[in-house]
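Notes for the one structure printed next.
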Amino acid sequence: MSGKGPGFFSDIGRSGRDILTKDYNSDQRFTISSSANSGLDLKSTLVKSRGLSSGDVTAEFKYKNKVVNFKVDTESNVLTTFTVSDVIPYAKTISSIRLPDYSSGKFEVQYLHDHVAFTLGVGLTRSPAIDFSGTMGTPSIAFGAETSYSTSLAKFTKYNAGLCFKMPSSSASVILGDKGDSMKVSYLHQLERLNGGAVVGEISRRFSTNENTLTVGCSLVVDSQTVLKAKLNNHGNLGALLQHELTSKSFLTISGAFETKDLDKNPKFGFSLLLKP
């Protein structure tokens, strides 16, 4: 959760979710970025996944409370995002459009205060989709919900709810999703004696199919530059990750996925290299 206020709905369960999912991948990714004192940041990324290569170039310019971001990919898509912070106290606006799809325009307002937070997004079309999420509480306990409404269909297409508790060395969350068809319960405990690592357990259930998945994971800070992560679920899916900081803000990440119940299957490996001169 955010250190200020209850955080946004997307923050519920984030700390445990990051240990189980963040930076795990099965592709090869190379990124180089640079920053200038003028406020201009440049980033180029090349990705090879399943034998296909792609890439993008991002330019971001910051001036006072405004940020303009341009992203061009190898499929000739241009994503433009304009963010203004503190339009009113505790609020910011985000406008975005992905060309050449002129119907992709969206306007979003985010508001984060001491005991309440919400986001409101509206598509810039004649029959827009409206996305709303809100949370109430404190940095220690928060309840929230999110929903999407399609004006073209005149019905709600998504509604989820969540609850989060955060204590000095642990946190727990419950998320009811997929219009009430699924539930995820997670618990994270910090391992202060192991250089700030953590262990997390997550139980997910889909009610329509009676399918249950239990996943356990951990992160271990080996030293100030190296982090190890691992995860395993009851279906025999094992994942492992090593992330090492080569220089300041430059990282090498290597991850692998294995099927422990079918060792004949080839494991999947991925790596990511982020260089920031």
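Ordered as shown in the structure tokens, chains take letters A, B, and onward, while each chain numbers its residues from 1 and ligands are numbered from 1 in the order shown.
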Near-segment 152-159 of chain A list (9 Å; only C-alpha atoms; drop same-chain fewer than 2 positions) as a count of residues only: 17
Where does segment 100-214 of chain A meet segment 64-80 of chain A within 10 Å, residue by residue, with the nearest atom pair and distance in Å to one decimal for each, counting only C-alpha atoms, listed by chain and rising number, as CSV?
```
residue,atom,partner,partner_atom,distance
A:Pro100,CA,A:Asn77,CA,6.5
A:Asp101,CA,A:Asn77,CA,8.5
A:Ser104,CA,A:Leu79,CA,9.7
A:Gly105,CA,A:Thr80,CA,9.5
```
Per-residue DSSP, segment 40-269 of chain A, filtered to strand (DSSP E), as a ChimeraX atom specification: /A:40-49,52-63,66-73,78-85,91-99,101-112,116-123,129-137,141-150,155-167,170-177,182-191,197-206,211-223,226-233,237-247,250-259,268-269
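When only C-alpha atoms are used to compute distances to Asp114 of chain A, the closest of the residues A:Gly7, A:Thr215, A:Thr58, A:Thr247 turns out to be A:Gly7.
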Shell around Val200 of chain A at 12 Å using only C-alpha atoms, local window under 5 positions removed, as a PyMOL selection string: chain A and resi 13-21+170-173+185-191+214-220+229-233
Point-to-point distance from atom CA of Phe107 of chain A to atom CA of Thr125 of chain A, Å rounded to tenths: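 Computed distance, atom CA of Phe107 of chain A to atom CA of Thr125 of chain A, equals 10.7 Å.
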For Phe8 of chain A, the nearest of the candidates A:Arg205, A:Lys261, A:His113, A:Arg193, counting only C-alpha atoms: A:His113
Surrounding residues of Gln243 of chain A excluding itself and chain neighbours under 6 positions, 10 Å, only C-alpha atoms, as a PyMOL selection string: chain A and resi 23+221+225-229+251-255+271-273
d(atom CA of Leu274 of chain A, atom CA of Ser33 of chain A) in Å: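 Value for the atom CA of Leu274 of chain A-atom CA of Ser33 of chain A distance: 7.7 Å.
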Pick from A:Ile141, A:Leu124, A:Ala257, A:Ala36, whichever lies nearest to Lys4 of chain A using only C-alpha atoms: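 With only C-alpha atoms as the atom set, the closest residue is A:Ile141.
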